[in-house]
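Undergrad: Okay, handing you the structure first.
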Amino acid sequence: MAQELNRRYQVHVIAPTGAEEQAPEQVDVTEVALRPLWRFLLEAVIQAVIQARRLRPAVVLAGSGLTAPLAWLAARVCGARAVVYVHGLDIVVPNRLYRALWRPLLRRMDSVIANSHATAALAEGAGVAVSRLRIVHPGVELPELDAGARERFRVRYGLGDVPLLLSVGRLTARKGLREFVADVLPRIVAQRPDVQLLVIGDVPKQALFAEGQTPESIREVARAAGVNGHVRFLGTVSETDLADAYQAADVFVFPVREVLGDIEGFGMVAIEAAAHGLPTVAYAVGGVIDAIGDGVSGRLIQFGDHADFAEAVLEVLDHPFNTKQIRAYAEQFAWGRFGEIDL
């Protein structure tokens, strides 16, 4: 985001320790400690005010609802516009203190940018005026595809040439992986006995109020459903391995659930899969609807219809989507488009 905004603006970022080494050369960074949370907020607001007075920016942008009050205060100090980019969970998080102190500030921001139509609806429901609300989807980089990635990855992990389903992301209750293994995977295995589900990701350590699903709890469900031999966990992998996994898999499964106080604001991982030419089958929940072109980059299934989800996966396995078509869809979300917005 900072790199694309830097094409039009001079950008200075206040971010957690370690961000500077990842930032583009032209972007200045002021680092603050991430943990504990109170220290992050305290140091960030102090630095925001200091930098606002020093730099006199035209816009102060908060990267999420959590930092919206900091951006609002810094903007008031220097007469800048206060803008926030909201993601969904930062609006509905079930915390009384957050709702009492943070959410009201959203209504006082000069502009609220939502990452999806679902998140925009939540912001409007929280009292944000429609005239101050815009929708800008997150961006993705389209990588060069590697013709040898599929075979290389499958050989590395001893997968052979089996039908391969892929799940990527933090193991939270919202992601619905445990329910997928219990209710959907057995239906797929019944038709394709050699199918394998590969899970990349771990239980979140720093998720905001997110309930985790451990690999062991998912394995217990798999054993009870008779599909334990069809599920494999890799945990956290390198960026190279992740890119290879996207190209080695046949279907990306994204069985996101409707969870009170927790929402999938966009479904960025489905766009990342599409950028690698991998089709996604997902429940039509929250911002996932914005991230998947039904029939173009994958399939959207009514939430809770386990039989239809399984049937869609089997259909994609039997009749693969066109890789160029999927990547063309992902190209609509290229980061370059983010840099075109007026803050």
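Chains: A, B, ... in order of the structure tokens. Residues: from 1 per chain. Ligands: from 1, in order shown.
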Could you build a table of the residues in segment 179-298 of chain A lying no more than 12 Å from segment 120-125 of chain A, giving for each the nearest pair of atoms and their separation in Å rounded to one decimal place, using only C-alpha atoms, ordered by chain and ascending residue number, as JSON lines?

TA:
```
{"residue": "A:Gly261", "atom": "CA", "partner": "A:Leu122", "partner_atom": "CA", "distance": 11.3}
{"residue": "A:Asp262", "atom": "CA", "partner": "A:Leu122", "partner_atom": "CA", "distance": 11.6}
{"residue": "A:Ile263", "atom": "CA", "partner": "A:Leu122", "partner_atom": "CA", "distance": 10.0}
{"residue": "A:Glu264", "atom": "CA", "partner": "A:Leu122", "partner_atom": "CA", "distance": 11.9}
{"residue": "A:Gly265", "atom": "CA", "partner": "A:Ala120", "partner_atom": "CA", "distance": 9.4}
{"residue": "A:Phe266", "atom": "CA", "partner": "A:Ala120", "partner_atom": "CA", "distance": 10.8}
{"residue": "A:Gly286", "atom": "CA", "partner": "A:Ala121", "partner_atom": "CA", "distance": 10.0}
{"residue": "A:Gly287", "atom": "CA", "partner": "A:Ala120", "partner_atom": "CA", "distance": 9.5}
{"residue": "A:Asp290", "atom": "CA", "partner": "A:Ala120", "partner_atom": "CA", "distance": 11.7}
```

Undergrad: Please save C-alpha atoms of the selected residues as a PDB file, in the first residue's frame.

TA:
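Wrote it out as out.pdb, contents follow:
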```pdb
ATOM      1  CA  GLY A 261     -18.538 -10.647  16.114  1.00  0.00           C
ATOM      2  CA  ASP A 262     -16.096 -11.929  13.508  1.00  0.00           C
ATOM      3  CA  ILE A 263     -16.231 -11.383   9.759  1.00  0.00           C
ATOM      4  CA  GLU A 264     -14.179 -12.201   6.692  1.00  0.00           C
ATOM      5  CA  GLY A 265     -13.911  -8.628   5.497  1.00  0.00           C
ATOM      6  CA  PHE A 266     -12.585  -9.451   2.041  1.00  0.00           C
ATOM      7  CA  GLY A 286     -18.977 -11.428   4.040  1.00  0.00           C
ATOM      8  CA  GLY A 287     -16.414  -9.841   1.754  1.00  0.00           C
ATOM      9  CA  ASP A 290     -16.196  -9.451  -3.632  1.00  0.00           C
TER      10      ASP A 290
END
```

Undergrad: If DSSP is run on the backbone, what residues of segment 164-328 of chain A are helix (DSSP H, G or I)? A reply as a ChimeraX atom specification would be ideal.

TA: /A:173-175,177-183,185-191,215-225,228-230,239-248,268-275,288-291,306-318,323-328

Undergrad: Find the residues near segment 28-45 of chain A: any atom within 10 Å, counting only C-alpha atoms, skip ones fewer than 3 places away on the same chain, and give them as a ChimeraX atom specification.

TA: /A:2,10-25,48-51,66-67,69-74,206

Undergrad: What are the DSSP strand (DSSP E or B) residues of segment 37-102 of chain A, as an NGL selection string?

TA: :A and (59-62 or 81-86)

Undergrad: To one decimal place in Å, what is the distance between atom CA of Tyr85 of chain A and atom CA of Glu331 of chain A?

TA: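 Atom CA of Tyr85 of chain A sits 21.3 Å away from atom CA of Glu331 of chain A.
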
Undergrad: Go through A:Met268, A:Leu278, A:Val296, A:Leu105 one by one, measure the shortest atom-to-atom distance of each to Asp244 of chain A using only C-alpha atoms, and give the residue with the smallest value.

TA: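 With only C-alpha atoms as the atom set, the closest residue is A:Leu278.
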
Undergrad: Using only C-alpha atoms, which protein or nucleic acid residues come within 10 Å of Val259 of chain A? Drop anything in the same chain fewer than 6 positions from it, and give the result as a list in words.

TA: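 Near Val259 of chain A, the qualifying residues are Ala173, Arg174, Lys175, Gly176 and Val285 of chain A.
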
Undergrad: For segment 79-83 of chain A, please output as a list of chain:residue names all residues within 7 Å (counting only C-alpha atoms; exclusion window: fewer than 5 positions along the same chain).

TA: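 Near segment 79-83 of chain A, the qualifying residues are A:Pro57, A:Ala58, A:Val59, A:Val60, A:Leu61, A:Ala62, A:Ala71, A:Trp72, A:Met109, A:Asp110, A:Ser111, A:Val112.
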
Undergrad: Restricting it to C-alpha atoms, dump the selection as a PDB file, in the first residue's frame.

TA:
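Output saved as part_15.pdb:
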```pdb
ATOM      1  CA  PRO A  57       0.739  16.270   6.014  1.00  0.00           C
ATOM      2  CA  ALA A  58      -2.348  16.805   3.884  1.00  0.00           C
ATOM      3  CA  VAL A  59      -3.752  13.407   4.884  1.00  0.00           C
ATOM      4  CA  VAL A  60      -3.337  11.136   7.903  1.00  0.00           C
ATOM      5  CA  LEU A  61      -4.340   7.577   6.998  1.00  0.00           C
ATOM      6  CA  ALA A  62      -5.098   4.891   9.590  1.00  0.00           C
ATOM      7  CA  ALA A  71      -5.042   9.318  12.875  1.00  0.00           C
ATOM      8  CA  TRP A  72      -7.973  11.543  13.837  1.00  0.00           C
ATOM      9  CA  MET A 109     -13.298  10.622  10.121  1.00  0.00           C
ATOM     10  CA  ASP A 110     -13.279  12.739   6.959  1.00  0.00           C
ATOM     11  CA  SER A 111     -13.272   9.591   4.824  1.00  0.00           C
ATOM     12  CA  VAL A 112     -13.742   5.879   5.500  1.00  0.00           C
TER      13      VAL A 112
END
```

Undergrad: Set out as JSON lines a contact list for segment 289-340 of chain A and segment 190-203 of chain A with a cut-off of 10 Å, giving each residue of segment 289-340 of chain A that qualifies its closest atom pair and distance in Å to one decimal, counting only C-alpha atoms, ordered by chain and rising residue number.

TA:
```
{"residue": "A:Ala310", "atom": "CA", "partner": "A:Gln191", "partner_atom": "CA", "distance": 9.7}
{"residue": "A:Glu311", "atom": "CA", "partner": "A:Gln191", "partner_atom": "CA", "distance": 9.6}
{"residue": "A:Leu314", "atom": "CA", "partner": "A:Gln191", "partner_atom": "CA", "distance": 7.9}
{"residue": "A:Leu317", "atom": "CA", "partner": "A:Arg192", "partner_atom": "CA", "distance": 9.5}
```

Undergrad: Using only C-alpha atoms, which of the listed residues (A:Leu142, A:Val130, A:Val155, A:Val184) sits closest to Ala334 of chain A?

TA: A:Leu142
